[in-house]
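Okay, data_13.txt is below, compact mmCIF, C-alpha atoms:
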```txt
# COMPACT_ATOMS: atom_id res chain seq x y z
CA MET H 1 -43.81 6.81 23.60
CA LYS H 2 -46.01 8.34 26.31
CA LEU H 3 -44.75 11.84 25.55
CA VAL H 4 -45.38 11.47 21.81
CA GLY H 5 -48.81 10.01 22.57
CA LYS H 6 -49.67 13.00 24.75
CA LEU H 7 -48.65 15.32 21.91
CA VAL H 8 -50.93 13.49 19.47
CA GLY H 9 -53.82 13.84 21.92
CA LEU H 10 -53.07 17.51 22.54
CA PHE H 11 -52.91 18.35 18.82
CA ARG H 12 -56.06 16.31 18.13
CA VAL H 13 -58.08 18.13 20.80
CA ALA H 14 -56.75 21.50 19.57
CA ALA H 15 -58.05 20.59 16.10
CA GLY H 16 -61.48 19.80 17.56
CA LEU H 17 -61.41 16.10 16.60
CA THR H 18 -62.38 12.97 18.47
CA GLN H 19 -60.16 9.89 18.32
CA ALA H 20 -62.66 8.27 15.96
CA GLN H 21 -62.71 11.30 13.65
CA LEU H 22 -58.92 11.46 13.55
CA ALA H 23 -58.65 7.74 12.85
CA ASP H 24 -61.14 8.07 9.99
CA ARG H 25 -59.31 11.01 8.40
CA VAL H 26 -55.91 9.30 8.39
CA ALA H 27 -57.41 5.89 7.46
CA VAL H 28 -56.34 3.89 10.52
CA GLN H 29 -58.22 1.91 13.16
CA LEU H 30 -59.64 3.76 16.17
CA GLU H 31 -57.64 1.40 18.39
CA THR H 32 -54.45 2.54 16.66
CA ILE H 33 -55.01 6.19 17.64
CA ALA H 34 -56.10 5.22 21.15
CA SER H 35 -53.02 3.03 21.67
CA ILE H 36 -50.66 5.74 20.42
CA GLU H 37 -52.20 8.39 22.67
CA GLN H 38 -51.93 6.03 25.66
CA GLY H 39 -48.27 5.36 24.92
CA ARG H 40 -48.88 1.66 24.24
CA ARG H 41 -47.91 1.80 20.57
CA THR H 42 -45.10 3.61 18.81
CA LEU H 43 -46.13 6.33 16.36
CA LEU H 44 -44.49 5.22 13.11
CA PRO H 45 -42.87 7.80 10.78
CA ASP H 46 -45.36 7.48 7.93
CA LEU H 47 -48.36 8.05 10.19
CA ALA H 48 -46.54 10.88 11.98
CA ARG H 49 -46.14 12.71 8.65
CA ARG H 50 -49.82 12.23 7.81
CA LEU H 51 -50.89 13.52 11.22
CA ASP H 52 -48.61 16.55 10.91
CA ALA H 53 -50.20 17.38 7.55
CA LEU H 54 -53.76 16.92 8.81
CA LEU H 55 -53.29 18.72 12.14
CA ALA H 56 -51.02 21.47 10.70
CA THR H 57 -48.39 20.81 13.35
CA LYS H 58 -45.43 21.88 11.18
CA GLY H 59 -43.55 18.58 11.44
CA ALA H 60 -43.65 18.40 15.23
CA LEU H 61 -44.73 14.76 15.38
CA GLU H 62 -42.31 13.58 12.69
CA THR H 63 -39.49 15.36 14.53
CA ALA H 64 -40.52 13.74 17.81
CA VAL H 65 -40.55 10.27 16.25
CA ASP H 66 -37.18 10.83 14.57
CA ASN H 67 -35.65 11.69 17.95
CA MET H 68 -37.24 9.01 20.12
CA PRO H 69 -34.79 7.12 22.38
CA GLU H 70 -33.63 3.75 21.08
CA VAL H 71 -35.35 2.01 24.00
CA ASP H 72 -38.70 3.11 22.56
CA LEU H 73 -37.83 2.51 18.92
CA ILE H 74 -36.61 -1.02 19.75
CA PRO H 75 -39.13 -2.24 22.34
CA ALA H 76 -38.29 -5.05 24.75
CA TRP H 77 -38.99 -8.31 22.97
CA ALA H 78 -42.19 -8.58 20.98
CA GLU H 79 -45.05 -6.65 22.61
CA GLN H 80 -45.49 -4.12 19.80
CA TYR H 81 -45.11 -6.71 17.06
CA MET H 82 -47.75 -8.99 18.59
CA ASP H 83 -50.14 -6.06 18.80
CA LEU H 84 -49.68 -5.46 15.07
CA GLU H 85 -49.83 -9.18 14.29
CA GLN H 86 -53.39 -9.38 15.61
CA GLU H 87 -54.73 -7.07 12.90
CA ALA H 88 -52.29 -7.75 10.05
CA LEU H 89 -53.59 -8.30 6.54
CA ALA H 90 -50.58 -10.40 5.55
CA LEU H 91 -47.58 -12.03 7.21
CA SER H 92 -44.47 -13.47 5.57
CA TRP H 93 -42.23 -15.38 7.97
CA PHE H 94 -38.73 -16.79 7.41
CA GLU H 95 -37.34 -18.96 10.19
CA ASN H 96 -34.15 -21.00 10.42
CA GLN H 97 -33.81 -21.56 14.18
CA VAL H 98 -37.14 -22.65 15.56
CA LEU H 99 -40.62 -23.28 14.17
CA PRO H 100 -42.57 -20.00 13.64
CA GLY H 101 -44.72 -19.21 16.66
CA LEU H 102 -47.96 -19.38 14.65
CA LEU H 103 -47.12 -22.97 13.62
CA GLN H 104 -46.17 -24.27 17.06
CA THR H 105 -48.11 -26.87 19.03
CA GLU H 106 -48.49 -26.53 22.78
CA GLY H 107 -45.97 -29.33 23.38
CA TYR H 108 -43.43 -27.79 21.01
CA ALA H 109 -43.86 -24.30 22.52
CA ARG H 110 -43.39 -25.72 26.02
CA ALA H 111 -40.20 -27.48 24.90
CA VAL H 112 -38.91 -24.22 23.37
CA PHE H 113 -39.44 -22.25 26.59
CA ARG H 114 -37.89 -25.04 28.67
CA THR H 115 -34.61 -24.53 26.80
CA ASP H 116 -34.26 -20.91 27.97
CA VAL H 117 -31.08 -20.05 29.86
CA PRO H 118 -31.34 -19.04 32.64
CA ALA H 119 -34.23 -21.42 33.23
CA LEU H 120 -37.77 -20.08 33.47
CA SER H 121 -40.08 -21.01 36.33
CA LYS H 122 -42.95 -23.40 35.64
CA GLU H 123 -45.40 -20.52 36.14
CA GLU H 124 -43.60 -18.35 33.59
CA ILE H 125 -43.45 -21.20 31.07
CA ASP H 126 -47.19 -21.78 31.51
CA ARG H 127 -47.87 -18.07 30.98
CA ARG H 128 -45.78 -17.89 27.82
CA VAL H 129 -47.25 -21.07 26.36
CA ALA H 130 -50.80 -19.79 26.97
CA ALA H 131 -49.95 -16.47 25.30
CA ARG H 132 -48.46 -18.26 22.28
CA MET H 133 -51.49 -20.51 21.88
CA GLU H 134 -53.75 -17.44 22.06
CA ARG H 135 -51.77 -15.81 19.23
CA ILE H 136 -52.47 -18.75 16.93
CA GLU H 137 -56.18 -17.93 17.01
CA ILE H 138 -55.59 -15.20 14.41
CA LEU H 139 -55.36 -17.99 11.81
CA HIS H 140 -58.91 -19.06 12.67
CA GLY H 141 -60.70 -15.71 12.78
CA SER H 142 -63.49 -14.60 10.48
CA GLU H 143 -60.97 -12.65 8.38
CA PRO H 144 -57.59 -14.36 8.89
CA PRO H 145 -54.44 -12.85 7.38
CA THR H 146 -52.75 -14.28 4.32
CA VAL H 147 -49.69 -16.04 5.72
CA SER H 148 -46.56 -17.38 4.05
CA PHE H 149 -43.96 -19.43 5.93
CA VAL H 150 -40.49 -20.35 4.69
CA VAL H 151 -38.95 -22.75 7.20
CA SER H 152 -35.51 -24.36 7.24
CA GLU H 153 -35.60 -28.14 6.91
CA ALA H 154 -33.17 -28.34 9.84
CA ILE H 155 -35.98 -27.22 12.17
CA LEU H 156 -38.05 -30.23 11.11
CA HIS H 157 -35.30 -32.64 12.21
CA ASP H 158 -34.90 -31.30 15.75
CA ARG H 159 -36.88 -33.36 18.26
CA LEU H 160 -37.68 -30.67 20.81
CA GLY H 161 -39.81 -32.11 23.59
CA GLY H 162 -39.21 -35.72 22.63
CA GLU H 163 -40.57 -38.07 20.00
CA HIS H 164 -44.27 -37.56 20.79
CA ALA H 165 -44.01 -33.76 20.65
CA TYR H 166 -41.95 -34.05 17.47
CA LEU H 167 -44.49 -36.17 15.60
CA ASP H 168 -47.35 -34.00 16.86
CA MET H 169 -45.50 -30.94 15.53
CA LEU H 170 -44.97 -32.52 12.09
CA ARG H 171 -48.65 -33.49 11.82
CA HIS H 172 -49.66 -29.98 12.91
CA VAL H 173 -47.47 -28.29 10.29
CA ARG H 174 -48.75 -30.69 7.63
CA ARG H 175 -52.37 -29.83 8.48
CA TYR H 176 -51.68 -26.10 8.26
CA ALA H 177 -50.02 -26.59 4.88
CA ASP H 178 -53.53 -27.35 3.57
CA VAL H 179 -55.30 -24.40 5.26
CA PRO H 180 -56.62 -21.84 2.73
CA GLY H 181 -54.62 -18.62 2.85
CA VAL H 182 -51.61 -20.34 4.45
CA THR H 183 -48.56 -21.51 2.49
CA VAL H 184 -45.71 -23.53 3.96
CA GLN H 185 -42.43 -23.89 2.07
CA ILE H 186 -39.41 -25.82 3.30
CA MET H 187 -35.89 -24.56 2.62
CA PRO H 188 -34.03 -27.82 1.93
CA LEU H 189 -30.67 -28.74 3.42
CA GLY H 190 -27.58 -28.68 1.23
CA ARG H 191 -28.29 -25.59 -0.86
CA GLN H 192 -25.40 -23.83 -2.61
CA THR H 193 -27.11 -20.40 -2.39
CA HIS H 194 -29.30 -19.00 0.38
CA ALA H 195 -30.84 -15.50 0.72
CA GLY H 196 -31.52 -15.80 4.44
CA LEU H 197 -28.09 -16.32 5.95
CA SER H 198 -28.42 -13.14 8.03
CA GLY H 199 -31.16 -14.75 10.11
CA PRO H 200 -34.94 -14.96 10.55
CA PHE H 201 -37.37 -12.09 9.99
CA ILE H 202 -41.07 -11.36 9.53
CA LEU H 203 -42.77 -9.05 7.03
CA LEU H 204 -46.14 -7.57 7.92
CA GLU H 205 -48.81 -5.53 6.13
CA THR H 206 -51.11 -3.46 8.36
CA PRO H 207 -54.80 -2.67 7.68
CA GLU H 208 -53.56 0.74 6.48
CA HIS H 209 -51.35 -1.09 3.93
CA GLN H 210 -48.18 -0.01 5.66
CA ARG H 211 -45.38 -2.54 5.23
CA LEU H 212 -43.21 -3.31 8.25
CA ALA H 213 -40.59 -5.85 9.20
CA TYR H 214 -39.71 -7.44 12.52
CA THR H 215 -36.50 -9.12 13.67
CA GLU H 216 -35.28 -10.58 16.96
CA THR H 217 -31.82 -10.98 18.44
CA GLN H 218 -30.64 -12.84 21.53
CA ARG H 219 -31.62 -9.98 23.85
CA GLY H 220 -34.02 -7.72 22.02
CA SER H 221 -36.20 -7.05 19.03
CA GLN H 222 -36.67 -4.42 16.36
CA LEU H 223 -39.70 -3.24 14.43
CA ILE H 224 -38.49 -1.84 11.09
CA SER H 225 -40.55 0.81 9.32
CA ALA H 226 -38.01 2.60 7.07
CA PRO H 227 -39.19 1.84 3.49
CA ASP H 228 -35.66 1.20 2.19
CA ASP H 229 -34.92 -1.36 4.92
CA VAL H 230 -38.29 -3.08 4.53
CA SER H 231 -37.73 -3.25 0.77
CA ILE H 232 -34.44 -5.08 1.27
CA LEU H 233 -36.11 -7.72 3.41
CA GLU H 234 -39.01 -8.03 0.95
CA ARG H 235 -36.51 -8.76 -1.82
CA LYS H 236 -34.75 -11.30 0.40
CA TYR H 237 -38.08 -13.02 1.08
CA ALA H 238 -38.97 -13.13 -2.60
CA MET H 239 -35.63 -14.81 -3.30
CA LEU H 240 -36.12 -17.25 -0.41
CA ARG H 241 -39.44 -18.38 -1.88
CA THR H 242 -37.75 -19.21 -5.17
CA GLN H 243 -34.98 -21.13 -3.38
CA ALA H 244 -37.29 -23.15 -1.11
CA LEU H 245 -39.28 -26.19 -2.16
CA ASN H 246 -42.65 -25.24 -3.62
CA THR H 247 -45.79 -25.95 -1.60
CA GLU H 248 -46.44 -29.40 -3.07
CA GLU H 249 -42.81 -30.46 -2.68
CA SER H 250 -42.89 -29.19 0.90
CA LYS H 251 -45.98 -31.26 1.66
CA ASP H 252 -44.29 -34.32 0.18
CA LEU H 253 -41.26 -33.75 2.43
CA LEU H 254 -43.49 -33.47 5.50
CA ASP H 255 -45.26 -36.69 4.49
CA ARG H 256 -41.92 -38.48 4.15
CA LEU H 257 -40.80 -37.29 7.59
CA LEU H 258 -44.08 -38.64 8.96
CA GLY H 259 -43.53 -41.93 7.16
CA GLU H 260 -46.69 -41.51 5.12
```
In structure tokens, write the structure found in this file.
Amino acid sequence: MKLVGKLVGLFRVAAGLTQAQLADRVAVQLETIASIEQGRRTLLPDLARRLDALLATKGALETAVDNMPEVDLIPAWAEQYMDLEQEALALSWFENQVLPGLLQTEGYARAVFRTDVPALSKEEIDRRVAARMERIEILHGSEPPTVSFVVSEAILHDRLGGEHAYLDMLRHVRRYADVPGVTVQIMPLGRQTHAGLSGPFILLETPEHQRLAYTETQRGSQLISAPDDVSILERKYAMLRTQALNTEESKDLLDRLLGE
């Protein structure tokens, strides 16, 4: 990532452009160019092609991206995704294991991190909980993203953190189900068909209208940018929304679980 970033900076300077000018010409945020040049963000294939065309670099950047080591293409855990999440226009999140991070309460998040094996230290749990709570602020910004959640009903029956944390979580999810720009749909138990059996995933639209997907495994994560692969997950998500309860039915289910 650092090598590719240095190449972007070298080609930009050779073309006589500032970071701001380059960002404007390829229709991305200034921070995006700065992060790429500093090696903090992966240069994605679509942007690499646009930069090659603008800077007349004869495919050098696209070739570099195509041959990046897997360790850079699949970054450790979620750092790159969370960077993109902060400026996303839209997020679509399917989860069947644990409540989506943006819907978690502090008590629920703490209970999630306490289940890690091997066990995390108290200091590390505190750090991760604080980071997760900070992420949730994107839903309260001046221009929050449009967010869709499809959540397995099974998640709503687990009592992570005990009864108090459980009820607090249910009330929290129910409140967010009424937030403008946020939709919560519950995938009910006992379905005969299910489009999400391969596991959870997130779809994301960037300010440049690039569509990406993000998945996690037990020991890693993957940011997916290939249009064909993203399209498959978009079709899965569309099917999941038709199979889940609609928003009103989902609110009714949450009310029943709360005894209201």
Item to check | All residues 9 Å or closer to Asn96 in chain H, only C-alpha atoms, same chain fewer than 3 positions away omitted, as a PyMOL selection string | outcome: chain H and resi 99+150-155+187+196-197+199-200
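Residues lying within 8 Å of Ile36 in chain H, counting all atoms listed in the file and ignoring same-chain neighbours fewer than 3 positions away, are Met1, Lys2, Val4, Gly5, Val8, Thr32, Ile33, Gly39, Arg40, Arg41, Thr42 and Leu43 of chain H.
The shell of residues at most 9 Å from Ala213 in chain H, with only C-alpha atoms counted and near chain neighbours (fewer than 6 positions) removed, consists of Phe201, Ile202, Leu203, Leu204, Glu205, Gln222, Leu223, Ile224, Ser225, Asp229, Val230, Leu233 and Glu234 of chain H.
Comparing H:Gln218, H:Thr242, H:Thr247, H:Gln19 by their smallest distance to Val179 in chain H, the closest is H:Thr247 (using all atoms listed in the file).
Separating CA of Tyr81 in chain H from CA of Met239 in chain H is a distance of 23.9 Å.
Candidate residues H:His194, H:Gln210, H:Thr57, H:Ile186 were compared for distance to Glu249 in chain H, and the nearest is H:Ile186, using all atoms listed in the file.
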Next on the checklist: Given the point (-49.9, -21.1, 7.2) in the file's coordinates, find the residues that have an atom at most 9 Å from it, counting only C-alpha atoms, and give them as a ChimeraX atom specification.
Outcome noted: /H:102-103,139,146-149,173,176-184
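Interatomic distance, CA of Arg25 in chain H to CA of Leu51 in chain H: 9.2 Å.
Note that the spacing between CA of Ile136 in chain H and CA of Val117 in chain H amounts to 25.0 Å.
The closest residue to Tyr214 in chain H, picked from H:Leu167, H:Leu240, H:Val26, H:Phe94 and counting all atoms listed in the file, is H:Phe94.
When all atoms listed in the file are used to compute distances to Glu137 in chain H, the closest of the residues H:Arg256, H:Pro227, H:Thr215, H:Glu87 turns out to be H:Glu87.
Nearest residue to Leu245 in chain H, choosing from H:Ser221, H:Ser35, H:Gln185, H:Gln192 and counting all atoms listed in the file: H:Gln185.
Of the residues under consideration (H:Thr105, H:Asn246, H:Gln97, H:Thr206), H:Thr206 shows the shortest atom-to-atom contact distance to Val28 in chain H when counting only C-alpha atoms.
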